[in-house]
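K.L.:
Enclosed is the structure file data_6.txt (compact mmCIF, N, CA and C atoms and all ligand atoms).
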# COMPACT_ATOMS: atom_id res chain seq x y z
N MET A 1 -86.75 19.54 7.52
CA MET A 1 -86.85 18.60 8.64
C MET A 1 -88.34 18.40 9.00
N PRO A 2 -88.79 17.14 9.15
CA PRO A 2 -90.21 16.93 9.46
C PRO A 2 -90.54 17.40 10.88
N THR A 3 -91.71 17.99 11.03
CA THR A 3 -92.12 18.45 12.36
C THR A 3 -92.86 17.32 13.07
N LEU A 4 -92.64 17.23 14.35
CA LEU A 4 -93.31 16.18 15.11
C LEU A 4 -94.62 16.73 15.66
N THR A 5 -95.70 16.48 14.94
CA THR A 5 -97.00 16.97 15.37
C THR A 5 -97.75 15.84 16.04
N LYS A 6 -98.37 16.17 17.15
CA LYS A 6 -99.14 15.12 17.83
C LYS A 6 -100.45 14.90 17.08
N LEU A 7 -100.78 13.64 16.89
CA LEU A 7 -102.02 13.31 16.18
C LEU A 7 -103.09 12.84 17.15
N TYR A 8 -104.30 13.32 16.95
CA TYR A 8 -105.42 12.90 17.78
C TYR A 8 -106.54 12.41 16.88
N THR A 9 -107.22 11.37 17.33
CA THR A 9 -108.39 10.92 16.57
C THR A 9 -109.58 11.79 16.98
N MET A 10 -110.59 11.82 16.14
CA MET A 10 -111.79 12.59 16.46
C MET A 10 -112.45 12.03 17.73
N GLN A 11 -112.34 10.71 17.87
CA GLN A 11 -112.94 10.06 19.04
C GLN A 11 -112.27 10.57 20.32
N GLU A 12 -110.93 10.70 20.25
CA GLU A 12 -110.16 11.18 21.40
C GLU A 12 -110.51 12.64 21.68
N ALA A 13 -110.54 13.44 20.62
CA ALA A 13 -110.82 14.88 20.77
C ALA A 13 -112.22 15.11 21.34
N SER A 14 -113.16 14.26 20.95
CA SER A 14 -114.55 14.46 21.36
C SER A 14 -114.75 14.23 22.86
N GLN A 15 -113.76 13.57 23.50
CA GLN A 15 -113.91 13.34 24.94
C GLN A 15 -113.63 14.59 25.76
N HIS A 16 -113.04 15.60 25.12
CA HIS A 16 -112.74 16.86 25.82
C HIS A 16 -113.85 17.86 25.49
N ASN A 17 -114.93 17.74 26.22
CA ASN A 17 -116.13 18.50 25.86
C ASN A 17 -116.79 19.19 27.05
N SER A 18 -115.96 19.54 28.04
CA SER A 18 -116.54 20.19 29.22
C SER A 18 -115.93 21.59 29.41
N LYS A 19 -116.47 22.32 30.36
CA LYS A 19 -116.01 23.70 30.60
C LYS A 19 -114.55 23.74 31.08
N ASP A 20 -114.12 22.66 31.75
CA ASP A 20 -112.74 22.63 32.24
C ASP A 20 -111.78 22.07 31.20
N ASP A 21 -112.33 21.37 30.26
CA ASP A 21 -111.47 20.65 29.32
C ASP A 21 -112.18 20.61 27.96
N CYS A 22 -111.83 21.58 27.11
CA CYS A 22 -112.57 21.73 25.85
C CYS A 22 -111.64 21.81 24.64
N TRP A 23 -111.82 20.83 23.74
CA TRP A 23 -111.02 20.81 22.51
C TRP A 23 -111.94 21.02 21.30
N VAL A 24 -111.47 21.79 20.35
CA VAL A 24 -112.24 21.91 19.10
C VAL A 24 -111.33 21.54 17.92
N VAL A 25 -111.94 21.01 16.89
CA VAL A 25 -111.20 20.61 15.70
C VAL A 25 -111.60 21.53 14.54
N ILE A 26 -110.62 22.28 14.05
CA ILE A 26 -110.88 23.22 12.96
C ILE A 26 -109.84 22.99 11.86
N ASP A 27 -110.33 22.74 10.68
CA ASP A 27 -109.47 22.58 9.51
C ASP A 27 -108.31 21.59 9.75
N GLY A 28 -108.64 20.45 10.31
CA GLY A 28 -107.64 19.38 10.50
C GLY A 28 -106.70 19.59 11.68
N LYS A 29 -106.92 20.68 12.44
CA LYS A 29 -106.06 20.90 13.61
C LYS A 29 -106.89 20.85 14.89
N VAL A 30 -106.22 20.45 15.97
CA VAL A 30 -106.91 20.30 17.25
C VAL A 30 -106.49 21.45 18.18
N TYR A 31 -107.48 22.13 18.75
CA TYR A 31 -107.20 23.28 19.62
C TYR A 31 -107.77 23.02 21.01
N ASP A 32 -106.92 23.25 22.01
CA ASP A 32 -107.37 23.14 23.40
C ASP A 32 -107.75 24.56 23.85
N VAL A 33 -109.06 24.82 23.86
CA VAL A 33 -109.54 26.18 24.19
C VAL A 33 -110.07 26.28 25.62
N SER A 34 -109.67 25.30 26.46
CA SER A 34 -110.17 25.27 27.84
C SER A 34 -109.97 26.60 28.57
N THR A 35 -108.80 27.22 28.38
CA THR A 35 -108.50 28.46 29.10
C THR A 35 -109.13 29.68 28.42
N TYR A 36 -109.71 29.46 27.22
CA TYR A 36 -110.23 30.59 26.45
C TYR A 36 -111.77 30.67 26.47
N LEU A 37 -112.38 29.64 27.02
CA LEU A 37 -113.85 29.58 27.00
C LEU A 37 -114.51 30.85 27.51
N GLU A 38 -114.07 31.30 28.68
CA GLU A 38 -114.68 32.47 29.31
C GLU A 38 -114.47 33.76 28.51
N GLU A 39 -113.33 33.79 27.82
CA GLU A 39 -112.98 35.03 27.09
C GLU A 39 -113.53 35.08 25.67
N HIS A 40 -113.94 33.92 25.15
CA HIS A 40 -114.36 33.88 23.75
C HIS A 40 -115.52 34.84 23.50
N PRO A 41 -115.34 35.82 22.60
CA PRO A 41 -116.41 36.79 22.35
C PRO A 41 -117.70 36.14 21.84
N GLY A 42 -117.56 34.97 21.22
CA GLY A 42 -118.74 34.26 20.72
C GLY A 42 -119.44 33.44 21.79
N GLY A 43 -118.87 33.40 22.97
CA GLY A 43 -119.48 32.67 24.09
C GLY A 43 -118.90 31.27 24.25
N ASP A 44 -118.94 30.79 25.50
CA ASP A 44 -118.39 29.44 25.77
C ASP A 44 -119.29 28.34 25.24
N ASP A 45 -120.60 28.62 25.22
CA ASP A 45 -121.54 27.59 24.75
C ASP A 45 -121.31 27.24 23.28
N VAL A 46 -120.88 28.28 22.52
CA VAL A 46 -120.61 28.05 21.09
C VAL A 46 -119.44 27.08 20.95
N LEU A 47 -118.40 27.31 21.73
CA LEU A 47 -117.21 26.44 21.66
C LEU A 47 -117.55 25.05 22.17
N LEU A 48 -118.31 24.97 23.24
CA LEU A 48 -118.68 23.65 23.77
C LEU A 48 -119.53 22.88 22.77
N GLY A 49 -120.37 23.63 22.07
CA GLY A 49 -121.23 22.99 21.06
C GLY A 49 -120.46 22.55 19.83
N ALA A 50 -119.23 23.06 19.71
CA ALA A 50 -118.43 22.74 18.53
C ALA A 50 -117.50 21.55 18.78
N THR A 51 -117.57 20.95 19.98
CA THR A 51 -116.67 19.82 20.28
C THR A 51 -117.20 18.52 19.63
N GLY A 52 -116.28 17.59 19.44
CA GLY A 52 -116.67 16.27 18.93
C GLY A 52 -117.00 16.21 17.46
N LYS A 53 -116.67 17.27 16.73
CA LYS A 53 -116.96 17.28 15.29
C LYS A 53 -115.98 18.22 14.59
N ASP A 54 -116.04 18.22 13.28
CA ASP A 54 -115.23 19.16 12.52
C ASP A 54 -115.97 20.50 12.54
N ALA A 55 -115.40 21.47 13.27
CA ALA A 55 -116.09 22.75 13.46
C ALA A 55 -115.64 23.82 12.45
N THR A 56 -114.98 23.36 11.39
CA THR A 56 -114.45 24.31 10.40
C THR A 56 -115.53 25.24 9.83
N ASP A 57 -116.63 24.65 9.40
CA ASP A 57 -117.69 25.45 8.78
C ASP A 57 -118.25 26.49 9.75
N GLU A 58 -118.49 26.05 10.99
CA GLU A 58 -119.04 26.97 11.98
C GLU A 58 -118.05 28.10 12.28
N PHE A 59 -116.77 27.73 12.33
CA PHE A 59 -115.72 28.72 12.60
C PHE A 59 -115.68 29.74 11.47
N GLU A 60 -115.73 29.24 10.24
CA GLU A 60 -115.67 30.14 9.08
C GLU A 60 -116.93 31.00 8.99
N ASP A 61 -118.09 30.38 9.29
CA ASP A 61 -119.37 31.12 9.21
C ASP A 61 -119.39 32.31 10.16
N ALA A 62 -118.64 32.19 11.28
CA ALA A 62 -118.64 33.29 12.26
C ALA A 62 -117.81 34.46 11.75
N GLY A 63 -117.09 34.27 10.67
CA GLY A 63 -116.32 35.35 10.06
C GLY A 63 -115.21 35.88 10.96
N HIS A 64 -114.41 34.97 11.48
CA HIS A 64 -113.34 35.37 12.40
C HIS A 64 -112.30 36.27 11.73
N SER A 65 -111.81 37.21 12.52
CA SER A 65 -110.82 38.18 12.02
C SER A 65 -109.44 37.53 11.95
N LYS A 66 -108.51 38.28 11.34
CA LYS A 66 -107.13 37.80 11.24
C LYS A 66 -106.53 37.62 12.64
N SER A 67 -106.84 38.58 13.52
CA SER A 67 -106.26 38.48 14.87
C SER A 67 -106.84 37.28 15.62
N ALA A 68 -108.12 36.94 15.34
CA ALA A 68 -108.74 35.77 15.97
C ALA A 68 -108.01 34.50 15.51
N ARG A 69 -107.67 34.49 14.22
CA ARG A 69 -106.97 33.32 13.66
C ARG A 69 -105.55 33.19 14.23
N GLU A 70 -104.92 34.33 14.45
CA GLU A 70 -103.57 34.31 15.04
C GLU A 70 -103.63 33.80 16.49
N LEU A 71 -104.64 34.29 17.19
CA LEU A 71 -104.83 33.87 18.59
C LEU A 71 -105.10 32.37 18.66
N MET A 72 -105.89 31.92 17.70
CA MET A 72 -106.28 30.51 17.63
C MET A 72 -105.06 29.59 17.61
N GLU A 73 -104.02 30.00 16.86
CA GLU A 73 -102.83 29.16 16.72
C GLU A 73 -102.12 28.92 18.06
N THR A 74 -102.31 29.86 19.01
CA THR A 74 -101.66 29.68 20.32
C THR A 74 -102.30 28.53 21.12
N PHE A 75 -103.51 28.10 20.66
CA PHE A 75 -104.20 27.01 21.36
C PHE A 75 -104.02 25.66 20.67
N CYS A 76 -103.29 25.68 19.55
CA CYS A 76 -103.15 24.44 18.78
C CYS A 76 -102.29 23.42 19.54
N ILE A 77 -102.83 22.21 19.68
CA ILE A 77 -102.07 21.16 20.40
C ILE A 77 -101.70 19.99 19.49
N GLY A 78 -102.18 20.01 18.27
CA GLY A 78 -101.86 18.90 17.36
C GLY A 78 -102.77 18.88 16.16
N GLU A 79 -102.71 17.75 15.47
CA GLU A 79 -103.53 17.62 14.26
C GLU A 79 -104.45 16.41 14.36
N LEU A 80 -105.45 16.45 13.52
CA LEU A 80 -106.41 15.36 13.50
C LEU A 80 -105.82 14.19 12.73
N ASP A 81 -105.89 13.03 13.35
CA ASP A 81 -105.39 11.82 12.70
C ASP A 81 -106.41 11.43 11.63
N PRO A 82 -105.99 11.45 10.37
CA PRO A 82 -106.98 11.09 9.35
C PRO A 82 -107.42 9.64 9.51
N ALA A 83 -108.71 9.43 9.37
CA ALA A 83 -109.25 8.08 9.55
C ALA A 83 -108.63 7.16 8.51
N PRO A 84 -108.27 5.93 8.90
CA PRO A 84 -107.70 5.02 7.91
C PRO A 84 -108.71 4.73 6.81
N PRO A 85 -108.24 4.58 5.57
CA PRO A 85 -109.19 4.33 4.49
C PRO A 85 -109.95 3.03 4.73
N ALA A 86 -111.22 3.10 4.49
CA ALA A 86 -112.06 1.92 4.72
C ALA A 86 -111.68 0.81 3.74
N ILE A 87 -111.49 -0.38 4.29
CA ILE A 87 -111.18 -1.52 3.41
C ILE A 87 -112.51 -2.17 3.03
N PRO A 88 -112.79 -2.22 1.74
CA PRO A 88 -114.08 -2.81 1.37
C PRO A 88 -114.14 -4.27 1.79
N GLU A 89 -115.27 -4.66 2.33
CA GLU A 89 -115.42 -6.04 2.80
C GLU A 89 -115.44 -6.99 1.62
N LEU A 90 -114.74 -8.11 1.82
CA LEU A 90 -114.72 -9.10 0.75
C LEU A 90 -116.04 -9.87 0.75
N GLU A 91 -116.58 -10.04 -0.42
CA GLU A 91 -117.82 -10.79 -0.51
C GLU A 91 -117.52 -12.18 -1.01
N ILE A 92 -118.15 -13.17 -0.38
CA ILE A 92 -117.96 -14.53 -0.88
C ILE A 92 -118.89 -14.67 -2.08
N TYR A 93 -118.25 -14.98 -3.21
CA TYR A 93 -118.99 -14.97 -4.46
C TYR A 93 -119.07 -16.36 -5.04
N THR A 94 -120.24 -16.90 -5.10
CA THR A 94 -120.40 -18.20 -5.75
C THR A 94 -121.02 -17.96 -7.11
N LYS A 95 -120.39 -18.56 -8.09
CA LYS A 95 -120.84 -18.29 -9.45
C LYS A 95 -122.18 -18.96 -9.70
N GLN A 96 -123.16 -18.15 -10.00
CA GLN A 96 -124.49 -18.68 -10.30
C GLN A 96 -124.52 -19.07 -11.78
N PRO A 97 -125.11 -20.23 -12.11
CA PRO A 97 -125.18 -20.58 -13.53
C PRO A 97 -126.06 -19.57 -14.27
N THR A 98 -125.63 -19.22 -15.46
CA THR A 98 -126.43 -18.27 -16.24
C THR A 98 -127.71 -18.96 -16.67
N ASP A 99 -128.63 -18.20 -17.17
CA ASP A 99 -129.92 -18.74 -17.61
C ASP A 99 -129.76 -19.85 -18.64
N ILE A 100 -128.89 -19.59 -19.63
CA ILE A 100 -128.74 -20.55 -20.74
C ILE A 100 -128.13 -21.86 -20.26
N THR A 101 -127.07 -21.76 -19.42
CA THR A 101 -126.45 -23.01 -18.93
C THR A 101 -127.46 -23.80 -18.10
N GLN A 102 -128.25 -23.10 -17.29
CA GLN A 102 -129.23 -23.77 -16.46
C GLN A 102 -130.27 -24.46 -17.35
N LYS A 103 -130.72 -23.76 -18.39
CA LYS A 103 -131.73 -24.33 -19.29
C LYS A 103 -131.19 -25.58 -19.97
N LEU A 104 -129.91 -25.48 -20.41
CA LEU A 104 -129.29 -26.64 -21.09
C LEU A 104 -129.22 -27.83 -20.14
N LYS A 105 -128.88 -27.55 -18.91
CA LYS A 105 -128.79 -28.63 -17.92
C LYS A 105 -130.15 -29.29 -17.73
N ASP A 106 -131.20 -28.45 -17.62
CA ASP A 106 -132.56 -28.98 -17.44
C ASP A 106 -132.97 -29.84 -18.62
N LEU A 107 -132.67 -29.30 -19.83
CA LEU A 107 -133.04 -30.03 -21.05
C LEU A 107 -132.32 -31.38 -21.11
N THR A 108 -131.02 -31.37 -20.74
CA THR A 108 -130.24 -32.61 -20.77
C THR A 108 -130.86 -33.64 -19.82
N LYS A 109 -131.29 -33.17 -18.65
CA LYS A 109 -131.89 -34.07 -17.68
C LYS A 109 -133.18 -34.66 -18.23
N GLN A 110 -134.00 -33.80 -18.89
CA GLN A 110 -135.31 -34.21 -19.38
C GLN A 110 -135.19 -35.14 -20.59
N TYR A 111 -134.32 -34.76 -21.53
CA TYR A 111 -134.28 -35.48 -22.82
C TYR A 111 -133.00 -36.26 -23.04
N TRP A 112 -132.46 -36.85 -21.99
CA TRP A 112 -131.21 -37.60 -22.13
C TRP A 112 -131.39 -38.81 -23.05
N ALA A 113 -132.64 -39.30 -23.13
CA ALA A 113 -132.90 -40.52 -23.93
C ALA A 113 -132.74 -40.25 -25.42
N VAL A 114 -132.97 -39.00 -25.84
CA VAL A 114 -132.93 -38.69 -27.28
C VAL A 114 -131.54 -38.96 -27.87
N PRO A 115 -130.45 -38.35 -27.33
CA PRO A 115 -129.15 -38.65 -27.92
C PRO A 115 -128.75 -40.12 -27.79
N VAL A 116 -129.19 -40.77 -26.69
CA VAL A 116 -128.88 -42.19 -26.50
C VAL A 116 -129.56 -43.01 -27.61
N ALA A 117 -130.85 -42.68 -27.89
CA ALA A 117 -131.60 -43.38 -28.94
C ALA A 117 -130.95 -43.16 -30.30
N VAL A 118 -130.54 -41.92 -30.57
CA VAL A 118 -129.92 -41.60 -31.85
C VAL A 118 -128.65 -42.43 -32.04
N VAL A 119 -127.85 -42.48 -31.00
CA VAL A 119 -126.59 -43.26 -31.08
C VAL A 119 -126.92 -44.75 -31.26
N GLY A 120 -127.90 -45.24 -30.49
CA GLY A 120 -128.30 -46.65 -30.56
C GLY A 120 -128.77 -47.02 -31.97
N ILE A 121 -129.68 -46.19 -32.52
CA ILE A 121 -130.22 -46.45 -33.86
C ILE A 121 -129.09 -46.43 -34.89
N SER A 122 -128.18 -45.48 -34.76
CA SER A 122 -127.05 -45.38 -35.70
C SER A 122 -126.20 -46.65 -35.65
N VAL A 123 -126.01 -47.15 -34.43
CA VAL A 123 -125.19 -48.37 -34.26
C VAL A 123 -125.89 -49.55 -34.95
N VAL A 124 -127.22 -49.67 -34.70
CA VAL A 124 -128.00 -50.78 -35.30
C VAL A 124 -127.93 -50.70 -36.83
N ILE A 125 -128.20 -49.49 -37.39
CA ILE A 125 -128.17 -49.29 -38.84
C ILE A 125 -126.77 -49.65 -39.37
N GLY A 126 -125.76 -49.22 -38.66
CA GLY A 126 -124.38 -49.48 -39.06
C GLY A 126 -124.08 -50.97 -39.12
N VAL A 127 -124.54 -51.68 -38.07
CA VAL A 127 -124.31 -53.14 -38.00
C VAL A 127 -125.02 -53.83 -39.16
N LEU A 128 -126.34 -53.45 -39.38
CA LEU A 128 -127.12 -54.06 -40.46
C LEU A 128 -126.45 -53.82 -41.81
N TYR A 129 -126.04 -52.61 -42.03
CA TYR A 129 -125.39 -52.23 -43.30
C TYR A 129 -124.11 -53.05 -43.49
N TRP A 130 -123.36 -53.17 -42.41
CA TRP A 130 -122.07 -53.90 -42.48
C TRP A 130 -122.31 -55.40 -42.79
N ARG A 131 -123.40 -55.99 -42.20
CA ARG A 131 -123.72 -57.41 -42.42
C ARG A 131 -124.11 -57.67 -43.87
N ARG A 132 -124.90 -56.79 -44.46
CA ARG A 132 -125.38 -56.95 -45.83
C ARG A 132 -124.22 -57.05 -46.82
N ARG A 133 -123.18 -56.33 -46.53
CA ARG A 133 -122.05 -56.33 -47.45
C ARG A 133 -121.31 -57.62 -47.24
C1 LIG B 1 -109.47 28.50 18.91
C2 LIG B 1 -110.65 28.77 18.42
C3 LIG B 1 -111.30 30.13 18.41
C4 LIG B 1 -110.81 31.36 18.69
C5 LIG B 1 -109.38 31.73 19.09
C6 LIG B 1 -111.88 32.31 18.50
C7 LIG B 1 -111.78 33.68 18.68
C8 LIG B 1 -112.76 34.58 18.43
C9 LIG B 1 -112.60 36.03 18.47
C10 LIG B 1 -111.33 36.76 18.80
C11 LIG B 1 -113.80 36.57 18.18
C12 LIG B 1 -114.13 38.07 18.09
C13 LIG B 1 -114.36 38.47 16.63
C14 LIG B 1 -113.10 38.37 15.80
O1 LIG B 1 -112.06 38.93 16.15
O2 LIG B 1 -113.17 37.66 14.77
C15 LIG B 1 -114.71 35.48 17.97
C16 LIG B 1 -116.03 35.62 17.66
C17 LIG B 1 -116.89 34.58 17.39
N1 LIG B 1 -116.60 33.26 17.42
FE1 LIG B 1 -114.80 32.46 17.79
N2 LIG B 1 -112.99 31.66 18.14
C18 LIG B 1 -112.69 30.32 18.07
C19 LIG B 1 -113.51 29.28 17.72
C20 LIG B 1 -114.80 29.42 17.38
C21 LIG B 1 -115.66 28.35 16.96
C22 LIG B 1 -115.25 26.89 16.83
C23 LIG B 1 -116.88 28.90 16.75
C24 LIG B 1 -118.15 28.24 16.32
C25 LIG B 1 -118.48 27.00 16.52
C26 LIG B 1 -116.80 30.31 17.04
C27 LIG B 1 -117.83 31.21 16.95
C28 LIG B 1 -117.71 32.57 17.10
C29 LIG B 1 -118.81 33.48 16.89
C30 LIG B 1 -120.25 33.10 16.53
C31 LIG B 1 -118.28 34.74 17.06
C32 LIG B 1 -119.00 36.05 16.86
C33 LIG B 1 -119.44 36.67 18.11
C34 LIG B 1 -120.17 37.97 17.79
O3 LIG B 1 -119.78 38.66 16.87
O4 LIG B 1 -121.09 38.22 18.51
N3 LIG B 1 -115.52 30.60 17.41
N4 LIG B 1 -114.05 34.29 18.12
Written as structure tokens, how would this file's structure read?
P.N.:
Amino acid sequence: MPTLTKLYTMQEASQHNSKDDCWVVIDGKVYDVSTYLEEHPGGDDVLLGATGKDATDEFEDAGHSKSARELMETFCIGELDPAPPAIPELEIYTKQPTDITQKLKDLTKQYWAVPVAVVGISVVIGVLYWRRR
């Protein structure tokens, strides 16, 4: 049976950052340690400094005991809502002519008279040849 876990965003969790209302996020879970601040052997300032971010590394670095981890679970109020995957922005892409196509276009503009002359001369030669016969 699926468990109904409350999900919190990091933005939401980060708003609980005072001595009366303190949440920390460790390993994807959200803990309300407001009532534990005074008792925390590592000090309340450490917990307050761990709000608004993923405090997993700091928690692990402190080398917490098994009993500390068990105690921690009593403060768990939910899980961190994973951020939605970023949708890559669509880029408007206009096809730029390649170098060769651009060069061909330029050449056509410059030397359009050449193929016209070739066709014209061929027509004249053709007509003359046809008349002679
Ligand atoms: C619900 C969360 C937490 C609980 C229940 C908790 C509990 C404890 C406990 C019971 C100890 C005593 C040593 C032990 O048994 O391991 C301790 C020590 C310590 N904790 Fe936490 N802790 C929590 C979160 C954190 C976080 C997020 C940090 C760091 C950002 C932190 C930093 C420390 C440090 C530095 C000590 C060592 C104090 C010393 O040895 O002088 N704790 N904690």
K.L.:
Within 8 Å of ligand LIG 1 (chain B), counting only N, CA and C atoms and all ligand atoms: which residues, as number ranges by chain?
P.N.:
A: 24-26, 30-33, 36, 39-43, 45-51, 54-76
K.L.:
Do you have the atom CA of Leu80 of chain A-atom N of Gly52 of chain A distance handy?
P.N.:
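So the answer is 11.7 Å.
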K.L.:
Nearest to Lys29 of chain A among A:Ile77, A:Leu104, A:Val118, A:Leu90, with distances taken over all atoms listed in the file: which residue is it?
P.N.:
A:Ile77
K.L.:
For atom C of Gln15 of chain A and atom N of Thr35 of chain A, quote the distance in Å rounded to one decimal.
P.N.:
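A separation of 13.8 Å between them.
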K.L.:
Could you check how far atom C of Cys22 of chain A sits from atom C of Ser34 of chain A, in Å to one decimal?
P.N.:
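So the two atoms, atom C of Cys22 of chain A and atom C of Ser34 of chain A, lie 6.4 Å apart.
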